[in-house]
>>> print(open('run-v7.tsv').read())   # TSV, C-alpha atoms
chain	number	residue	atom	x	y	z
A	14	MET	CA	-77.78	-31.90	116.27
A	15	THR	CA	-76.33	-29.03	118.22
A	16	LEU	CA	-76.85	-28.56	121.93
A	17	ILE	CA	-79.45	-25.85	121.33
A	18	ASN	CA	-81.36	-28.22	119.03
A	19	TYR	CA	-81.34	-30.94	121.68
A	20	VAL	CA	-82.57	-28.52	124.34
A	21	THR	CA	-85.33	-27.09	122.17
A	22	TYR	CA	-86.39	-30.53	120.96
A	23	ASP	CA	-86.54	-31.78	124.55
A	24	PHE	CA	-88.61	-28.75	125.48
A	25	TYR	CA	-90.95	-29.22	122.50
A	26	THR	CA	-91.48	-32.88	123.38
A	27	PHE	CA	-92.15	-31.91	126.99
A	28	LEU	CA	-94.60	-29.19	125.89
A	29	THR	CA	-96.56	-31.61	123.69
A	30	ALA	CA	-96.71	-34.17	126.51
A	31	LEU	CA	-97.87	-31.45	128.91
A	32	SER	CA	-100.56	-30.39	126.43
A	33	ALA	CA	-101.74	-33.98	126.16
A	34	LEU	CA	-101.88	-34.27	129.94
A	35	VAL	CA	-103.89	-31.05	130.30
A	36	ALA	CA	-106.22	-32.21	127.51
A	37	LEU	CA	-106.70	-35.51	129.31
A	38	LEU	CA	-107.47	-33.74	132.59
A	39	THR	CA	-109.99	-31.44	130.88
A	40	LYS	CA	-111.50	-34.42	129.03
A	41	ASP	CA	-111.04	-32.86	125.59
A	42	ALA	CA	-110.67	-35.89	123.31
A	43	GLN	CA	-109.82	-33.98	120.11
A	44	TRP	CA	-107.12	-31.95	121.80
A	45	PHE	CA	-105.76	-35.05	123.54
A	46	LEU	CA	-105.56	-37.12	120.33
A	47	TYR	CA	-103.76	-34.38	118.42
A	48	SER	CA	-101.33	-33.62	121.23
A	49	MET	CA	-100.57	-37.30	121.81
A	50	LEU	CA	-99.99	-37.90	118.11
A	51	VAL	CA	-97.59	-34.96	117.85
A	52	CYS	CA	-95.90	-36.03	121.10
A	53	LEU	CA	-95.52	-39.60	119.88
A	54	PHE	CA	-93.91	-38.56	116.60
A	55	MET	CA	-91.65	-36.00	118.30
A	56	PHE	CA	-90.58	-38.64	120.79
A	57	LEU	CA	-89.97	-41.10	117.95
A	58	GLY	CA	-87.82	-38.54	116.13
A	59	TRP	CA	-85.96	-37.66	119.31
A	60	GLN	CA	-85.22	-41.32	120.11
A	61	THR	CA	-84.24	-42.44	116.60
A	62	HIS	CA	-82.18	-39.41	115.54
A	63	GLU	CA	-78.75	-40.72	116.57
A	64	PHE	CA	-79.50	-44.24	115.33
A	65	ILE	CA	-80.56	-42.96	111.90
A	66	LYS	CA	-77.44	-40.78	111.72
A	67	SER	CA	-75.26	-43.81	112.52
A	68	LEU	CA	-76.86	-45.81	109.69
A	69	ASP	CA	-76.39	-42.96	107.23
A	70	PRO	CA	-72.74	-41.81	107.35
A	71	PHE	CA	-72.91	-40.32	103.85
A	72	ILE	CA	-75.91	-38.16	104.74
A	73	ALA	CA	-77.99	-39.50	101.90
A	74	TYR	CA	-81.04	-41.23	103.31
A	75	ARG	CA	-81.90	-39.66	106.66
A	76	TYR	CA	-83.96	-36.92	105.02
A	77	PHE	CA	-86.10	-39.54	103.30
A	78	TYR	CA	-86.61	-41.31	106.63
A	79	TYR	CA	-87.77	-38.05	108.22
A	80	SER	CA	-90.04	-37.32	105.26
A	81	ILE	CA	-91.59	-40.80	105.41
A	82	CYS	CA	-92.21	-40.36	109.14
A	83	GLU	CA	-93.89	-37.04	108.41
A	84	LEU	CA	-96.05	-38.63	105.71
A	85	LEU	CA	-97.05	-41.38	108.14
A	86	PHE	CA	-97.96	-38.67	110.67
A	87	LEU	CA	-100.08	-36.93	108.03
A	88	PHE	CA	-101.79	-40.18	107.05
A	89	ILE	CA	-102.77	-40.94	110.65
A	90	LEU	CA	-103.84	-37.33	111.17
A	91	LEU	CA	-105.97	-37.46	108.00
A	92	LYS	CA	-107.70	-40.63	109.19
A	93	LEU	CA	-108.46	-39.06	112.57
A	94	TRP	CA	-109.58	-35.78	111.01
A	95	SER	CA	-111.89	-37.52	108.50
A	96	LYS	CA	-113.63	-39.19	111.44
A	97	GLY	CA	-114.05	-35.83	113.18
A	98	LEU	CA	-111.57	-36.69	115.92
A	99	ILE	CA	-109.19	-33.79	115.25
A	100	ILE	CA	-109.97	-30.06	115.37
A	101	ASN	CA	-110.05	-28.52	111.86
A	102	SER	CA	-107.66	-25.68	112.65
A	103	GLN	CA	-105.10	-28.07	114.14
A	104	TYR	CA	-105.37	-30.40	111.16
A	105	PHE	CA	-104.80	-27.66	108.59
A	106	LEU	CA	-101.98	-26.10	110.60
A	107	ALA	CA	-100.30	-29.51	110.97
A	108	LEU	CA	-100.77	-30.12	107.24
A	109	ALA	CA	-99.03	-26.83	106.39
A	110	LEU	CA	-96.23	-27.46	108.89
A	111	SER	CA	-95.69	-31.04	107.72
A	112	ILE	CA	-95.52	-30.02	104.08
A	113	SER	CA	-93.04	-27.31	105.06
A	114	LEU	CA	-90.90	-29.86	106.89
A	115	ILE	CA	-90.96	-32.34	104.01
A	116	ILE	CA	-89.98	-29.64	101.52
A	117	THR	CA	-87.22	-28.44	103.85
A	118	TRP	CA	-85.79	-31.94	104.28
A	119	LEU	CA	-85.87	-32.66	100.56
A	120	LEU	CA	-84.22	-29.32	99.79
A	121	ARG	CA	-81.60	-30.12	102.42
A	122	TYR	CA	-80.99	-33.47	100.74
A	123	ILE	CA	-80.54	-31.81	97.35
A	124	ASP	CA	-78.25	-29.22	98.88
A	125	ARG	CA	-76.07	-31.78	100.67
A	126	GLN	CA	-75.83	-34.15	97.70
A	127	TYR	CA	-75.46	-31.76	94.79
A	128	PHE	CA	-74.47	-28.28	95.96
A	129	ASP	CA	-73.00	-28.59	99.46
A	130	LEU	CA	-73.41	-24.90	100.16
A	131	THR	CA	-71.81	-24.09	103.49
A	132	PHE	CA	-74.10	-21.22	104.49
A	133	THR	CA	-77.31	-23.25	104.17
A	134	ALA	CA	-76.50	-25.46	107.18
A	135	GLU	CA	-77.25	-22.51	109.46
A	136	ILE	CA	-80.50	-21.77	107.67
A	137	TYR	CA	-81.75	-25.35	107.98
A	138	GLY	CA	-80.51	-25.41	111.57
A	139	TYR	CA	-83.06	-22.71	112.38
A	140	ILE	CA	-85.92	-23.62	110.07
A	141	ILE	CA	-86.46	-27.19	111.29
A	142	PRO	CA	-86.47	-26.38	115.04
A	143	THR	CA	-88.78	-23.44	114.35
A	144	ILE	CA	-91.30	-25.65	112.56
A	145	ASN	CA	-91.05	-28.23	115.35
A	146	GLY	CA	-91.69	-25.42	117.83
A	147	MET	CA	-94.77	-24.40	115.88
A	148	PHE	CA	-96.01	-27.98	116.19
A	149	ALA	CA	-95.52	-27.80	119.96
A	150	ILE	CA	-97.36	-24.49	120.12
A	151	SER	CA	-100.20	-25.91	118.02
A	152	CYS	CA	-100.72	-28.51	120.74
A	153	SER	CA	-101.24	-25.72	123.27
A	154	LEU	CA	-103.69	-23.65	121.21
A	155	PRO	CA	-106.91	-25.35	122.41
A	156	GLY	CA	-105.88	-24.74	126.01
A	157	LEU	CA	-105.09	-21.11	125.33
A	158	THR	CA	-108.41	-20.72	123.53
A	159	LYS	CA	-110.26	-22.17	126.52
A	160	LEU	CA	-108.45	-19.80	128.87
A	161	LEU	CA	-109.27	-16.79	126.72
A	162	LYS	CA	-112.94	-17.77	126.52
A	163	LYS	CA	-113.08	-18.30	130.26
A	164	TYR	CA	-111.60	-14.91	131.12
A	165	LYS	CA	-113.27	-13.02	128.28
A	166	GLY	CA	-116.81	-14.02	128.95
>>> encode(input="run-v7.tsv", output="structure tokens")
Amino acid sequence: MTLINYVTYDFYTFLTALSALVALLTKDAQWFLYSMLVCLFMFLGWQTHEFIKSLDPFIAYRYFYYSICELLFLFILLKLWSKGLIINSQYFLALALSISLIITWLLRYIDRQYFDLTFTAEIYGYIIPTINGMFAISCSLPGLTKLLKKYKG
């Protein structure tokens, strides 16, 4: 991870935690559950990144680890959504973002193992932080919606 990736990931984790705190203070359970789930998985990824890299010196398995974590996130999110505990728009946005991340990681695996194209490292270096940023923004959307409704009418 480059310095910019660390900084953005730290900021994204902070933003999701802040969203969860605001949701807790406003007593919005759906918003809180979603934000806490995203925050938990971002924190998990942030804390395990270096450890996973150290276990995978040949860059073969880390992308599967990240994909499995994303599938676990989706499974928990699906369970919460099916019980009506997650807002529909957040669920479907998270579903699209998670599928995008999984596809990106698997394409990155294929690229690193079979093609090793040098120019794609930059592309993946921007795509993954962008998707993570979209997750962080999705945690803030209920709060922004509440603010707009308050000032609009």
>>> residues_around(input="run-v7.tsv", residues="A:Ile140", least_positions_apart="3", cutoff="12 Å", atoms="only C-alpha atoms", output="ChimeraX atom specification")
/A:18,110,113-118,120-121,133-137,143-147
>>> closest_atom_pairs(input="run-v7.tsv", of="stretch 39-75 of chain A", to="stretch 154-165 of chain A", cutoff="12 Å", atoms="all atoms listed in the file", output="JSON lines")
{"residue": "A:Thr39", "atom": "CA", "partner": "A:Gly156", "partner_atom": "CA", "distance": 9.2}
{"residue": "A:Lys40", "atom": "CA", "partner": "A:Gly156", "partner_atom": "CA", "distance": 11.6}
{"residue": "A:Asp41", "atom": "CA", "partner": "A:Pro155", "partner_atom": "CA", "distance": 9.1}
{"residue": "A:Ala42", "atom": "CA", "partner": "A:Pro155", "partner_atom": "CA", "distance": 11.2}
{"residue": "A:Gln43", "atom": "CA", "partner": "A:Pro155", "partner_atom": "CA", "distance": 9.4}
{"residue": "A:Trp44", "atom": "CA", "partner": "A:Pro155", "partner_atom": "CA", "distance": 6.6}
{"residue": "A:Phe45", "atom": "CA", "partner": "A:Pro155", "partner_atom": "CA", "distance": 9.8}
{"residue": "A:Tyr47", "atom": "CA", "partner": "A:Pro155", "partner_atom": "CA", "distance": 10.4}
{"residue": "A:Ser48", "atom": "CA", "partner": "A:Pro155", "partner_atom": "CA", "distance": 10.0}
>>> atom_distance(input="run-v7.tsv", atom1="atom CA of A:Leu34", atom2="atom CA of A:Ser102")
20.2 Å
>>> atom_distance(input="run-v7.tsv", atom1="atom CA of A:Phe148", atom2="atom CA of A:Ser67")
26.4 Å
>>> atom_distance(input="run-v7.tsv", atom1="atom CA of A:Thr131", atom2="atom CA of A:Ser111")
25.2 Å
>>> closest_residue(input="run-v7.tsv", among="A:Ala33, A:Ile141, A:Val51, A:Leu28", to="A:Tyr104", atoms="all atoms listed in the file")
A:Val51
>>> closest_residue(input="run-v7.tsv", among="A:Ala107, A:Ile72, A:Phe24, A:Trp59", to="A:Tyr127", atoms="only C-alpha atoms")
A:Ile72
>>> closest_residue(input="run-v7.tsv", among="A:Met55, A:Leu50, A:Leu91, A:Leu37", to="A:Leu108", atoms="all atoms listed in the file")
A:Leu91
>>> closest_residue(input="run-v7.tsv", among="A:Leu106, A:Leu31, A:Leu87, A:Ala73", to="A:Arg125", atoms="all atoms listed in the file")
A:Ala73
>>> closest_residue(input="run-v7.tsv", among="A:Ile100, A:Gly58, A:Ser95, A:Asp69", to="A:Glu83", atoms="only C-alpha atoms")
A:Gly58
